[in-house]
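The structure file structure.csv is reproduced below (CSV, C-alpha atoms).
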```
chain,number,residue,atom,x,y,z
A,1,MET,CA,56.3,81.1,111.3
A,2,HIS,CA,57.8,82.7,114.4
A,3,ASN,CA,61.1,81.4,115.8
A,4,PRO,CA,61.4,82.3,119.4
A,5,ILE,CA,64.8,83.1,120.9
A,6,ILE,CA,65.7,81.0,124.0
A,7,ALA,CA,68.4,82.4,126.3
A,8,ALA,CA,70.3,80.3,128.8
A,9,ASP,CA,73.6,81.4,130.4
A,10,ASN,CA,74.4,83.7,127.4
A,11,ILE,CA,73.5,81.0,124.9
A,12,ASN,CA,71.0,82.2,122.4
A,13,VAL,CA,69.5,79.9,119.9
A,14,ASN,CA,66.4,79.9,117.8
A,15,ALA,CA,63.9,77.0,117.9
A,16,GLY,CA,65.8,75.2,115.1
A,17,GLY,CA,69.0,75.1,117.3
A,18,ILE,CA,67.3,73.5,120.3
A,19,CYS,CA,69.7,70.5,120.1
A,20,GLU,CA,72.6,72.8,120.7
A,21,LEU,CA,70.8,74.3,123.7
A,22,ILE,CA,70.1,70.9,125.2
A,23,ALA,CA,73.8,69.9,124.7
A,24,ALA,CA,74.9,73.1,126.3
A,25,ARG,CA,72.5,72.8,129.2
A,26,ASN,CA,73.7,69.2,129.9
A,27,THR,CA,77.3,70.4,130.3
A,28,LEU,CA,76.3,72.8,133.1
A,29,THR,CA,76.3,71.6,136.7
A,30,PRO,CA,73.2,72.7,138.6
A,31,MET,CA,74.0,74.6,141.8
A,32,SER,CA,72.2,72.1,144.0
A,33,THR,CA,74.5,69.3,143.0
A,34,LYS,CA,77.8,71.1,143.4
A,35,ASP,CA,79.9,70.1,146.4
A,36,LYS,CA,80.0,73.3,148.4
A,37,ARG,CA,82.7,72.2,150.8
A,38,LYS,CA,86.1,73.8,150.5
A,39,PRO,CA,88.7,71.6,149.0
A,40,ARG,CA,90.7,69.5,151.5
A,41,GLU,CA,94.3,70.4,152.0
A,42,PRO,CA,96.8,67.7,151.0
A,43,TRP,CA,97.7,67.1,154.6
A,44,GLU,CA,94.0,66.6,155.5
A,45,GLN,CA,93.8,64.1,152.6
A,46,ASP,CA,96.9,62.4,154.0
A,47,GLU,CA,95.4,62.1,157.5
A,48,CYS,CA,92.2,60.6,156.1
A,49,ALA,CA,94.1,58.2,153.8
A,50,ALA,CA,96.3,57.0,156.7
A,51,LEU,CA,93.2,56.4,158.9
A,52,LYS,CA,91.4,54.6,156.0
A,53,ALA,CA,94.5,52.3,155.6
A,54,LEU,CA,94.4,51.5,159.3
A,55,PHE,CA,90.6,51.0,159.3
A,56,ASP,CA,90.9,48.7,156.3
A,57,SER,CA,93.8,46.7,157.9
A,58,ARG,CA,91.9,46.2,161.1
A,59,LYS,CA,88.2,45.8,160.0
A,60,ASP,CA,88.3,42.1,159.2
A,61,GLU,CA,90.1,41.2,162.5
A,62,LEU,CA,87.5,43.3,164.4
A,63,GLY,CA,84.5,42.1,162.3
A,64,LEU,CA,83.7,45.6,161.2
A,65,THR,CA,82.1,47.0,158.2
A,66,GLN,CA,81.7,50.8,157.7
A,67,GLU,CA,78.0,50.3,158.5
A,68,LYS,CA,78.8,48.5,161.8
A,69,ALA,CA,81.5,50.9,162.7
A,70,ALA,CA,79.3,53.9,162.0
A,71,HIS,CA,76.6,52.4,164.3
A,72,LEU,CA,79.1,51.9,167.1
A,73,LEU,CA,80.3,55.5,166.6
A,74,ASP,CA,76.8,56.8,166.6
A,75,ILE,CA,77.2,58.4,163.1
A,76,THR,CA,75.9,57.5,159.7
A,77,GLN,CA,77.8,55.2,157.4
A,78,GLY,CA,78.0,58.1,154.9
A,79,SER,CA,79.7,60.3,157.6
A,80,LEU,CA,82.2,57.6,158.3
A,81,ASN,CA,82.9,57.2,154.6
A,82,ASN,CA,83.3,60.9,154.2
A,83,TYR,CA,86.0,60.9,156.9
A,84,LEU,CA,87.8,57.9,155.5
A,85,SER,CA,87.6,59.1,151.9
A,86,GLY,CA,88.8,62.6,152.8
A,87,ARG,CA,85.6,64.3,151.7
A,88,ASN,CA,85.3,65.6,155.3
A,89,ALA,CA,88.4,66.6,157.2
A,90,LEU,CA,89.0,64.8,160.4
A,91,ASN,CA,88.4,66.6,163.7
A,92,ALA,CA,89.7,65.6,167.2
A,93,LYS,CA,86.4,63.9,168.3
A,94,ALA,CA,86.1,61.9,165.1
A,95,ALA,CA,89.8,60.9,165.1
A,96,ALA,CA,89.7,59.9,168.8
A,97,ASP,CA,86.4,57.9,168.4
A,98,ILE,CA,87.5,56.0,165.3
A,99,ALA,CA,91.0,55.3,166.8
A,100,LEU,CA,89.5,53.9,170.0
A,101,LEU,CA,87.1,51.8,168.0
A,102,ILE,CA,89.8,50.2,165.8
A,103,GLY,CA,92.4,50.0,168.6
A,104,VAL,CA,95.0,52.4,167.3
A,105,LYS,CA,96.5,55.7,168.5
A,106,VAL,CA,95.6,58.9,166.9
A,107,ASP,CA,99.4,59.5,166.5
A,108,ASP,CA,99.4,56.5,164.0
A,109,PHE,CA,97.5,58.7,161.4
A,110,SER,CA,97.7,62.3,162.6
A,111,ALA,CA,100.3,63.9,164.8
A,112,ARG,CA,98.4,67.2,164.5
A,113,LEU,CA,95.1,65.8,165.9
A,114,ALA,CA,97.0,63.8,168.6
A,115,ASN,CA,98.6,67.0,169.8
A,116,GLU,CA,95.3,68.8,169.8
A,117,ILE,CA,93.8,66.0,171.9
A,118,ARG,CA,96.8,66.1,174.3
A,119,ARG,CA,96.2,69.9,174.7
A,120,MET,CA,92.6,69.3,175.5
A,121,ALA,CA,93.4,66.6,178.0
A,122,THR,CA,96.0,68.8,179.6
A,123,ALA,CA,93.4,71.6,179.9
A,124,VAL,CA,91.1,69.2,181.7
A,125,VAL,CA,93.8,68.0,184.1
A,126,ASP,CA,95.0,71.6,184.7
A,127,VAL,CA,91.4,72.7,185.4
A,128,GLU,CA,90.8,69.8,187.8
A,129,ARG,CA,94.0,70.8,189.6
A,130,HIS,CA,92.7,74.3,190.1
A,131,VAL,CA,89.5,72.7,191.4
A,132,SER,CA,91.7,71.2,194.1
A,133,ILE,CA,92.4,67.5,193.6
A,134,PRO,CA,92.8,65.8,197.0
A,135,LYS,CA,96.3,64.7,197.7
A,136,SER,CA,95.2,61.0,197.6
A,137,LEU,CA,94.2,61.5,193.9
A,138,GLU,CA,97.1,63.6,192.7
A,139,GLY,CA,99.1,60.6,191.6
A,140,LEU,CA,96.2,59.3,189.5
A,141,ALA,CA,95.7,62.7,187.9
A,142,GLU,CA,99.4,62.9,187.0
A,143,ALA,CA,99.4,59.4,185.6
A,144,ALA,CA,96.4,60.3,183.4
A,145,HIS,CA,98.3,63.4,182.2
A,146,ARG,CA,101.4,61.4,181.4
A,147,ASN,CA,99.3,58.8,179.5
A,148,SER,CA,97.8,61.6,177.3
A,149,GLU,CA,101.3,63.1,176.7
A,150,ASN,CA,102.6,59.7,175.6
A,151,GLY,CA,99.7,59.3,173.2
A,152,ASP,CA,98.0,56.6,175.3
A,153,ASN,CA,94.3,56.7,176.2
A,154,PRO,CA,93.8,58.3,179.6
A,155,ASP,CA,90.0,57.6,179.7
A,156,ASP,CA,90.1,54.8,182.3
A,157,MET,CA,92.3,56.9,184.7
A,158,LEU,CA,90.2,59.9,184.2
A,159,LYS,CA,87.1,57.9,185.1
A,160,MET,CA,88.8,56.6,188.2
A,161,LEU,CA,89.8,60.2,189.1
A,162,GLU,CA,86.2,61.4,188.6
A,163,ARG,CA,84.9,58.6,190.8
A,164,GLY,CA,87.5,59.5,193.5
A,165,MET,CA,86.6,63.2,193.2
A,166,ASN,CA,82.9,62.3,193.6
A,167,LYS,CA,83.6,60.2,196.7
A,168,GLN,CA,85.7,62.9,198.2
A,169,HIS,CA,83.0,65.5,197.6
A,170,ALA,CA,80.4,63.2,199.1
A,171,LYS,CA,82.6,62.8,202.2
A,172,GLU,CA,83.1,66.5,202.5
A,173,GLY,CA,79.4,67.1,202.1
A,174,ALA,CA,78.6,64.5,204.8
A,175,THR,CA,81.2,66.0,207.2
A,176,LYS,CA,79.7,69.5,206.7
A,177,HIS,CA,76.2,68.1,207.2
A,178,GLU,CA,77.3,66.3,210.5
A,179,GLY,CA,78.8,69.5,211.7
A,180,LYS,CA,75.5,71.4,211.2
A,181,LYS,CA,73.6,68.7,213.1
A,182,LYS,CA,75.9,68.9,216.1
A,183,ARG,CA,75.5,72.7,216.2
A,184,ALA,CA,71.7,72.5,216.0
A,185,HIS,CA,71.4,70.3,219.1
```

Let me see the file written as structure tokens.
Amino acid sequence: MHNPIIAADNINVNAGGICELIAARNTLTPMSTKDKRKPREPWEQDECAALKALFDSRKDELGLTQEKAAHLLDITQGSLNNYLSGRNALNAKAAADIALLIGVKVDDFSARLANEIRRMATAVVDVERHVSIPKSLEGLAEAAHRNSENGDNPDDMLKMLERGMNKQHAKEGATKHEGKKKRAH
């Protein structure tokens, strides 16, 4: 009788040793199930753990589950769990969104991300200054900038600033339009 040789990852057995092959195959991890993400740095794990502790301490008071929170954040429950468990590293958007949802400051769990968000907010305010903020709105722009530097949420002030800028641009557009009408007559 012929005993075929079976080769798998440098393991050769004849048909009589098939049990050894099965045992060896079961110890191998298929490529498709390996986690291909790079391992999280300890400080990334610490940020996620701190956020998870804050989430867990606030969720009952806010009536949140991971599923409800994920729905409000417009992400999947699995994605939220990956952030809270440290499987995925936090980024500025996720950190800001989750912090706003549970009513904490990003500084409470990540000074690194809070500083990144402040830099982004400063870039927005600085760009708007170059776009020429009307004198009447400069105080509001500076207050929004101060709020972001202090770790507070400047969103409401930035929305007011945006509305003010839109009103100002509408007035300027109407004034230019009126000037053209007068010249045309």

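Here the question is which of A:Lys171, A:Lys52, A:His145, A:Lys59 gets nearest to Leu80 of chain A using only C-alpha atoms, and that residue is A:Lys52.
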
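Distances here use only C-alpha atoms; by that measure, the residue among A:His71, A:Lys105, A:Lys93, A:Arg40 closest to Asn153 of chain A is A:Lys105.
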
Residue with the minimum atom-to-atom distance to Gln66 of chain A, picked from A:Gly139, A:Met165, A:Ile98, A:Ala50 with only C-alpha atoms counted, is A:Ile98

Could you tell me which of A:Ala70, A:Ala96, A:Val104, A:Ala111 comes closest to Ser57 of chain A if we count only C-alpha atoms?
A:Val104

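Coordinates place atom CA of Leu161 of chain A at a distance of 26.2 Å from atom CA of Asn91 of chain A.
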
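Interatomic distance, atom CA of Leu84 of chain A against atom CA of Met120 of chain A: 23.5 Å.
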
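Shortest separation to Ser79 of chain A among A:Glu149, A:Glu67, A:Glu116, A:Asp156 occurs at residue A:Glu67, atoms counted being all atoms listed in the file.
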
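Taking atom CA of Gly86 of chain A as the reference point, atom CA of Ala123 of chain A is found at 28.9 Å.
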
Taking only C-alpha atoms into account, name the residue in A:Ala121, A:Leu62, A:Ile75, A:Val106 that is nearest to Gly151 of chain A.
A:Val106

List as a PDB file with C-alpha atoms, in the frame of the given file the protein and nucleic acid residues near segment 36-39 of chain A, meaning an atom at most 10 Å away when all atoms listed in the file are counted, but skip any in the same chain fewer than 6 places from it.
```
ATOM      1  CA  GLN A  45      93.800  64.100 152.600  1.00  0.00           C
ATOM      2  CA  GLY A  86      88.800  62.600 152.800  1.00  0.00           C
ATOM      3  CA  ARG A  87      85.600  64.300 151.700  1.00  0.00           C
ATOM      4  CA  ASN A  88      85.300  65.600 155.300  1.00  0.00           C
ATOM      5  CA  ALA A  89      88.400  66.600 157.200  1.00  0.00           C
TER       6      ALA A  89
END
```

Residues within 10 Å of Ser148 of chain A, only C-alpha atoms, excluding chain neighbours under 5 positions, as a list in words:
Ala114, Asn115, Ile117, Arg118, Arg119, Met120, Ala121, Thr122, Glu142, Ala143, Asn153, Pro154 and Asp155 of chain A

Can you complete the atoms of segment 96-131 of chain A to N, CA and C atoms and list them as a compact mmCIF listing (two decimals), in the frame of the given file?
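Saved file out.txt follows:
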```txt
# COMPACT_ATOMS: atom_id res chain seq x y z
N ALA A 96 89.57 60.61 167.56
CA ALA A 96 89.70 59.90 168.80
C ALA A 96 88.68 58.70 168.83
N ASP A 97 87.44 58.97 168.41
CA ASP A 97 86.40 57.90 168.40
C ASP A 97 86.77 56.77 167.50
N ILE A 98 87.20 57.07 166.30
CA ILE A 98 87.50 56.00 165.30
C ILE A 98 88.78 55.26 165.79
N ALA A 99 89.77 55.99 166.30
CA ALA A 99 91.00 55.30 166.80
C ALA A 99 90.69 54.36 167.92
N LEU A 100 89.87 54.79 168.87
CA LEU A 100 89.50 53.90 170.00
C LEU A 100 88.75 52.67 169.46
N LEU A 101 87.88 52.87 168.50
CA LEU A 101 87.10 51.80 168.00
C LEU A 101 87.99 50.71 167.31
N ILE A 102 88.97 51.15 166.54
CA ILE A 102 89.80 50.20 165.80
C ILE A 102 91.09 49.82 166.54
N GLY A 103 91.28 50.39 167.74
CA GLY A 103 92.40 50.00 168.60
C GLY A 103 93.75 50.53 168.10
N VAL A 104 93.78 51.76 167.64
CA VAL A 104 95.00 52.40 167.30
C VAL A 104 95.16 53.73 167.99
N LYS A 105 96.33 54.33 167.90
CA LYS A 105 96.50 55.70 168.50
C LYS A 105 96.31 56.71 167.41
N VAL A 106 95.81 57.85 167.81
CA VAL A 106 95.60 58.90 166.90
C VAL A 106 96.96 59.31 166.24
N ASP A 107 98.05 59.19 167.01
CA ASP A 107 99.40 59.50 166.50
C ASP A 107 99.72 58.61 165.25
N ASP A 108 99.07 57.45 165.14
CA ASP A 108 99.40 56.50 164.00
C ASP A 108 98.91 57.12 162.68
N PHE A 109 97.99 58.11 162.70
CA PHE A 109 97.50 58.70 161.40
C PHE A 109 97.54 60.22 161.42
N SER A 110 97.65 60.86 162.61
CA SER A 110 97.70 62.30 162.60
C SER A 110 98.34 62.87 163.86
N ALA A 111 99.58 63.29 163.70
CA ALA A 111 100.30 63.90 164.80
C ALA A 111 99.60 65.23 165.20
N ARG A 112 99.05 65.93 164.22
CA ARG A 112 98.40 67.20 164.50
C ARG A 112 97.17 67.01 165.41
N LEU A 113 96.32 66.06 165.10
CA LEU A 113 95.10 65.80 165.90
C LEU A 113 95.52 65.21 167.28
N ALA A 114 96.54 64.36 167.30
CA ALA A 114 97.00 63.80 168.60
C ALA A 114 97.47 64.91 169.50
N ASN A 115 98.19 65.87 168.96
CA ASN A 115 98.60 67.00 169.80
C ASN A 115 97.46 67.85 170.26
N GLU A 116 96.47 68.03 169.40
CA GLU A 116 95.30 68.80 169.80
C GLU A 116 94.55 68.08 170.95
N ILE A 117 94.43 66.75 170.85
CA ILE A 117 93.80 66.00 171.90
C ILE A 117 94.58 66.06 173.20
N ARG A 118 95.91 66.00 173.10
CA ARG A 118 96.80 66.10 174.30
C ARG A 118 96.55 67.49 174.97
N ARG A 119 96.48 68.55 174.15
CA ARG A 119 96.20 69.90 174.70
C ARG A 119 94.90 69.94 175.43
N MET A 120 93.90 69.33 174.85
CA MET A 120 92.60 69.30 175.50
C MET A 120 92.63 68.53 176.80
N ALA A 121 93.31 67.38 176.78
CA ALA A 121 93.40 66.60 178.00
C ALA A 121 94.18 67.33 179.07
N THR A 122 95.22 68.02 178.68
CA THR A 122 96.00 68.80 179.60
C THR A 122 95.12 69.91 180.24
N ALA A 123 94.28 70.53 179.43
CA ALA A 123 93.40 71.60 179.90
C ALA A 123 92.44 71.00 180.98
N VAL A 124 91.97 69.78 180.75
CA VAL A 124 91.10 69.20 181.70
C VAL A 124 91.80 68.87 183.01
N VAL A 125 92.99 68.29 182.92
CA VAL A 125 93.80 68.00 184.10
C VAL A 125 94.14 69.26 184.85
N ASP A 126 94.58 70.29 184.10
CA ASP A 126 95.00 71.60 184.70
C ASP A 126 93.77 72.20 185.43
N VAL A 127 92.60 72.17 184.80
CA VAL A 127 91.40 72.70 185.40
C VAL A 127 91.06 71.97 186.68
N GLU A 128 91.14 70.64 186.61
CA GLU A 128 90.80 69.80 187.80
C GLU A 128 91.83 70.14 188.92
N ARG A 129 93.07 70.41 188.58
CA ARG A 129 94.00 70.80 189.60
C ARG A 129 93.63 72.06 190.31
N HIS A 130 93.10 73.00 189.52
CA HIS A 130 92.70 74.30 190.10
C HIS A 130 91.39 74.07 190.93
N VAL A 131 90.68 72.99 190.67
CA VAL A 131 89.50 72.70 191.40
C VAL A 131 89.91 72.03 192.75
```
